[in-house]
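What follows is the content of start_18.csv, which has CSV, C-alpha atoms:
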```
chain,number,residue,atom,x,y,z
B,1,MET,CA,-39.6,-1.8,-29.6
B,2,LYS,CA,-35.9,-1.7,-30.1
B,3,ASN,CA,-34.1,1.5,-29.2
B,4,PRO,CA,-32.9,3.1,-32.5
B,5,LEU,CA,-29.8,4.4,-30.7
B,6,ASP,CA,-28.6,0.8,-30.2
B,7,SER,CA,-27.6,0.7,-33.9
B,8,LEU,CA,-25.5,3.2,-35.9
B,9,TRP,CA,-28.0,3.4,-38.7
B,10,GLY,CA,-30.8,4.0,-36.3
B,11,THR,CA,-28.8,6.8,-34.7
B,12,VAL,CA,-28.0,8.5,-38.1
B,13,ILE,CA,-31.6,8.1,-39.4
B,14,SER,CA,-33.0,9.5,-36.1
B,15,GLY,CA,-30.6,12.5,-36.5
B,16,LEU,CA,-31.8,13.1,-40.1
B,17,ILE,CA,-35.5,12.9,-39.1
B,18,LEU,CA,-34.8,15.3,-36.1
B,19,THR,CA,-33.1,17.7,-38.5
B,20,ALA,CA,-36.1,17.7,-40.9
B,21,VAL,CA,-38.6,18.3,-38.0
B,22,LEU,CA,-36.6,21.1,-36.5
B,23,PHE,CA,-36.0,22.7,-39.9
B,24,VAL,CA,-39.8,22.8,-40.5
B,25,ILE,CA,-40.4,24.3,-37.1
B,26,VAL,CA,-37.8,26.9,-37.5
B,27,LYS,CA,-38.9,27.8,-41.0
B,28,ASN,CA,-42.6,27.9,-40.4
B,29,PHE,CA,-43.1,28.9,-36.7
B,30,LEU,CA,-40.0,30.7,-35.5
B,31,GLY,CA,-39.5,33.2,-38.4
B,32,ALA,CA,-36.0,32.4,-39.3
H,1,MET,CA,-11.2,40.2,-36.9
H,2,GLU,CA,-12.2,38.9,-33.4
H,3,ILE,CA,-15.2,37.2,-35.0
H,4,LEU,CA,-12.9,35.5,-37.5
H,5,PHE,CA,-10.6,34.2,-34.8
H,6,GLY,CA,-13.5,33.2,-32.6
H,7,ARG,CA,-15.1,31.3,-35.4
H,8,TRP,CA,-11.8,29.6,-36.3
H,9,LEU,CA,-11.3,28.5,-32.7
H,10,HIS,CA,-15.0,27.3,-32.5
H,11,ILE,CA,-14.6,25.2,-35.7
H,12,MET,CA,-11.2,23.7,-34.7
H,13,ALA,CA,-12.5,22.8,-31.2
H,14,GLY,CA,-15.7,21.5,-32.7
H,15,VAL,CA,-13.9,19.3,-35.2
H,16,MET,CA,-11.9,17.8,-32.3
H,17,TRP,CA,-15.0,17.2,-30.2
H,18,ILE,CA,-17.3,15.8,-32.9
H,19,GLY,CA,-14.4,14.0,-34.6
H,20,ILE,CA,-13.6,12.1,-31.3
H,21,LEU,CA,-17.4,11.5,-30.7
H,22,TYR,CA,-17.6,9.9,-34.2
H,23,TYR,CA,-14.5,7.9,-33.4
H,24,PHE,CA,-16.1,6.5,-30.3
H,25,ASN,CA,-19.4,5.7,-32.0
H,26,PHE,CA,-18.3,4.6,-35.5
H,27,VAL,CA,-15.0,2.9,-34.5
H,28,GLN,CA,-14.4,2.2,-30.8
H,29,VAL,CA,-17.7,0.6,-29.9
H,30,ALA,CA,-17.4,-2.0,-32.7
H,31,ALA,CA,-13.7,-2.4,-32.0
H,32,LEU,CA,-14.3,-3.1,-28.3
H,33,LYS,CA,-16.9,-5.7,-29.2
H,34,ALA,CA,-14.5,-7.5,-31.5
H,35,ALA,CA,-11.7,-7.2,-29.1
H,36,ALA,CA,-13.8,-8.8,-26.3
H,37,GLU,CA,-13.8,-11.9,-28.3
H,38,ASP,CA,-10.0,-12.3,-28.5
H,39,GLY,CA,-9.2,-10.6,-25.2
H,40,THR,CA,-7.4,-7.6,-26.7
H,41,GLY,CA,-9.7,-4.8,-25.5
H,42,ALA,CA,-7.3,-3.7,-22.7
H,43,GLY,CA,-5.1,-1.9,-25.2
H,44,ILE,CA,-8.0,0.3,-26.2
H,45,THR,CA,-9.4,0.9,-22.7
H,46,LYS,CA,-6.0,1.5,-21.1
H,47,HIS,CA,-4.1,3.5,-23.7
H,48,VAL,CA,-6.6,5.0,-26.2
H,49,ALA,CA,-9.9,5.7,-24.5
H,50,PRO,CA,-8.5,7.9,-21.6
H,51,ARG,CA,-6.5,10.1,-24.0
H,52,ALA,CA,-9.5,10.4,-26.4
H,53,LEU,CA,-11.7,11.3,-23.5
H,54,LEU,CA,-9.3,14.0,-22.3
H,55,PHE,CA,-9.3,15.9,-25.6
H,56,PHE,CA,-13.0,15.1,-26.1
H,57,ARG,CA,-14.3,16.7,-23.0
H,58,TRP,CA,-12.1,19.8,-23.0
H,59,ALA,CA,-12.7,20.4,-26.7
H,60,ALA,CA,-16.5,20.2,-25.9
H,61,LEU,CA,-16.0,23.0,-23.4
H,62,VAL,CA,-13.9,25.2,-25.6
H,63,THR,CA,-16.4,24.7,-28.5
H,64,TRP,CA,-19.3,25.8,-26.2
H,65,LEU,CA,-17.4,28.8,-24.8
H,66,SER,CA,-16.2,30.0,-28.1
H,67,GLY,CA,-19.7,29.6,-29.5
H,68,ALA,CA,-21.2,31.6,-26.7
H,69,ALA,CA,-18.5,34.3,-27.3
H,70,LEU,CA,-19.4,34.4,-31.0
H,71,LEU,CA,-23.1,34.9,-30.2
H,72,GLY,CA,-22.0,37.8,-28.0
H,73,ALA,CA,-24.9,40.3,-27.7
H,74,ASN,CA,-27.2,37.9,-29.5
H,75,PHE,CA,-26.7,35.2,-26.8
H,76,ILE,CA,-30.1,35.7,-25.1
H,77,GLY,CA,-31.9,36.3,-28.4
H,78,ALA,CA,-30.5,33.0,-29.8
H,79,PHE,CA,-31.4,30.9,-26.8
H,80,THR,CA,-34.9,32.4,-26.6
H,81,LEU,CA,-35.2,31.6,-30.4
H,82,GLN,CA,-36.0,35.2,-31.5
H,83,PRO,CA,-36.9,35.8,-35.2
H,84,GLY,CA,-33.7,35.8,-37.3
H,85,LEU,CA,-31.8,34.0,-34.6
H,86,ALA,CA,-33.9,30.8,-34.2
H,87,GLY,CA,-31.8,28.7,-36.5
H,88,ILE,CA,-28.5,29.3,-34.8
H,89,GLY,CA,-30.4,29.3,-31.5
H,90,ILE,CA,-31.5,25.7,-32.1
H,91,GLY,CA,-27.9,24.8,-32.9
H,92,ALA,CA,-26.8,26.5,-29.7
H,93,TRP,CA,-29.4,24.6,-27.6
H,94,LEU,CA,-28.4,21.2,-29.2
H,95,GLY,CA,-24.7,22.0,-28.5
H,96,THR,CA,-25.6,22.9,-24.9
H,97,ILE,CA,-27.5,19.6,-24.4
H,98,MET,CA,-24.5,17.8,-25.9
H,99,LEU,CA,-22.1,19.6,-23.5
H,100,PHE,CA,-24.3,18.5,-20.6
H,101,ASN,CA,-24.2,14.9,-21.8
H,102,VAL,CA,-20.4,15.0,-22.1
H,103,TRP,CA,-19.7,16.4,-18.6
H,104,VAL,CA,-22.6,15.0,-16.6
H,105,LEU,CA,-23.3,11.6,-18.2
H,106,ILE,CA,-20.4,10.4,-20.4
H,107,TRP,CA,-17.3,11.5,-18.4
H,108,PRO,CA,-18.3,10.4,-14.9
H,109,ASN,CA,-19.6,7.1,-16.2
H,110,GLN,CA,-16.5,6.5,-18.3
H,111,GLN,CA,-14.4,7.1,-15.2
H,112,LYS,CA,-16.2,4.1,-13.6
H,113,ILE,CA,-16.0,1.9,-16.7
H,114,LEU,CA,-12.2,2.6,-17.2
H,115,GLY,CA,-11.4,2.0,-13.5
H,116,MET,CA,-10.5,5.7,-12.7
H,117,LYS,CA,-13.2,5.7,-10.1
H,118,PRO,CA,-14.1,2.7,-7.8
H,119,ALA,CA,-17.2,0.9,-8.9
H,120,SER,CA,-18.8,-2.6,-8.5
H,121,ASP,CA,-19.5,-4.8,-11.5
H,122,GLU,CA,-23.1,-3.9,-11.3
H,123,GLU,CA,-22.4,-0.1,-11.2
H,124,LYS,CA,-20.0,-0.6,-14.1
H,125,ALA,CA,-22.7,-2.4,-16.2
H,126,LYS,CA,-25.1,0.5,-15.5
H,127,ALA,CA,-22.4,3.1,-16.2
H,128,ARG,CA,-21.6,1.4,-19.5
H,129,ARG,CA,-25.3,1.6,-20.7
H,130,VAL,CA,-25.7,5.3,-19.6
H,131,ALA,CA,-22.5,6.4,-21.2
H,132,PHE,CA,-23.3,4.5,-24.4
H,133,LEU,CA,-26.8,6.0,-24.7
H,134,ALA,CA,-25.5,9.5,-23.9
H,135,SER,CA,-22.8,9.1,-26.6
H,136,ARG,CA,-25.3,7.8,-29.1
H,137,THR,CA,-27.7,10.7,-28.2
H,138,ASN,CA,-24.9,13.1,-28.9
H,139,THR,CA,-24.1,11.5,-32.3
H,140,MET,CA,-27.8,11.8,-33.2
H,141,LEU,CA,-28.0,15.5,-32.0
H,142,SER,CA,-24.8,16.3,-33.8
H,143,ILE,CA,-26.6,15.9,-37.1
H,144,PRO,CA,-29.1,18.7,-36.6
H,145,MET,CA,-26.6,20.7,-34.6
H,146,LEU,CA,-24.2,20.8,-37.6
H,147,PHE,CA,-27.1,21.6,-39.9
H,148,PHE,CA,-28.2,24.6,-37.8
H,149,MET,CA,-24.6,25.8,-37.4
H,150,SER,CA,-24.4,25.8,-41.2
H,151,TYR,CA,-27.8,27.4,-41.5
H,152,GLY,CA,-26.9,30.2,-39.1
H,153,LEU,CA,-23.8,30.9,-41.2
H,154,THR,CA,-25.5,30.9,-44.6
H,155,HIS,CA,-29.2,31.7,-44.4
H,156,GLN,CA,-28.8,35.4,-44.5
H,157,HIS,CA,-26.6,35.1,-47.6
H,158,VAL,CA,-29.1,32.7,-49.2
H,159,LEU,CA,-32.0,35.0,-48.5
H,160,ALA,CA,-30.0,37.9,-50.1
H,161,VAL,CA,-29.3,35.9,-53.2
H,162,LEU,CA,-32.9,34.5,-53.6
H,163,GLY,CA,-34.4,37.8,-52.7
```
Just give me the structure of the file as structure tokens.
Amino acid sequence: MKNPLDSLWGTVISGLILTAVLFVIVKNFLGA
Amino acid sequence: MEILFGRWLHIMAGVMWIGILYYFNFVQVAALKAAAEDGTGAGITKHVAPRALLFFRWAALVTWLSGAALLGANFIGAFTLQPGLAGIGIGAWLGTIMLFNVWVLIWPNQQKILGMKPASDEEKAKARRVAFLASRTNTMLSIPMLFFMSYGLTHQHVLAVLG
């Protein structure tokens, strides 16, 4: 599998997905 | 008043840090690739990259230190993701990982790539890959980092408005 960080779009999309995942964790499990 | 000036400094240094990070990733990587084809890359590696790296790495440190000062008494609570501080805590952790990448992975490897430190061609090739991936990782992490910085600033206000 190609490393998503090798492309700019892959990097930006990975960042957006990570934002969504962390937001769900913060909102639902960390009480903030 | 101290918080206002601390936040101002944090944002200014952060703009410089992340602005230069985005310059590296969105502009310089592609420019060096194109320049390699007509042999004009030396202008960038000799005159632009060292100056950009100078402001980049020190702005990163000032951003982190001013951020830590802003957290103040909440520093431990944020980094241990206590309720009410978890959002800004995530932002602080992402910023800390990014600072580590700048000083431990990007800067020492860029010194080899740009000829500021002696390195064989093989070491330079390895340094180029490590610095590139660390820089791309920071670009990726900057997206949630900026989100959680905004979240830390606004969520109390939003909760108050929404009840």
Restrict the distance test to only C-alpha atoms, flag each residue of chain H within 7 Å of chain B, and return the flagged residues as a list in words.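 Every residue meeting the condition is included here: Pro83, Gly84, Leu85, Ala86, Gly87, Leu133, Arg136, Met140, Leu141, Ile143 and Pro144 of chain H.
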Using only C-alpha atoms, please write the residues we just selected to a file, as a compact mmCIF listing (two decimals), keeping the file's coordinate frame.
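Produced file selection_20.txt, reproduced below:
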```txt
# COMPACT_ATOMS: atom_id res chain seq x y z
CA PRO H 83 -36.90 35.80 -35.20
CA GLY H 84 -33.70 35.80 -37.30
CA LEU H 85 -31.80 34.00 -34.60
CA ALA H 86 -33.90 30.80 -34.20
CA GLY H 87 -31.80 28.70 -36.50
CA LEU H 133 -26.80 6.00 -24.70
CA ARG H 136 -25.30 7.80 -29.10
CA MET H 140 -27.80 11.80 -33.20
CA LEU H 141 -28.00 15.50 -32.00
CA ILE H 143 -26.60 15.90 -37.10
CA PRO H 144 -29.10 18.70 -36.60
```
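Minimum atom-to-atom distance to H:Leu61, evaluated using all atoms listed in the file, belongs to H:Thr96 out of H:Asn109, H:Ser135, H:Thr96, H:Gln28.
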Between H:Phe5, H:Tyr23, H:Phe100, H:Trp93, which residue has the minimum interatomic distance to H:Ser66, considering only C-alpha atoms?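 Closest to H:Ser66, using only C-alpha atoms: H:Phe5.
Candidate residues H:Ala127, H:Leu4, H:Ile90, H:Met98 were compared for distance to H:Lys112, and the nearest is H:Ala127, using all atoms listed in the file.
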Rank nothing, just name the residue among H:Leu99, H:Leu70, H:Val27, H:Ala131 nearest to H:Ile3, using all atoms listed in the file.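 Distance minimum relative to H:Ile3 lands on H:Leu70.
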Could you work out how far atom CA of H:Leu105 lies from atom CA of H:Lys117, giving the answer in Å with one decimal?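 Interatomic distance here is 14.2 Å.
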Do you know which residues lie at most 12 Å from (-26.6, 34.9, -27.0), with coordinates as in the file and all atoms listed in the file counted, and could you write them as a ChimeraX atom specification? /H:64-82,85-86,88-93
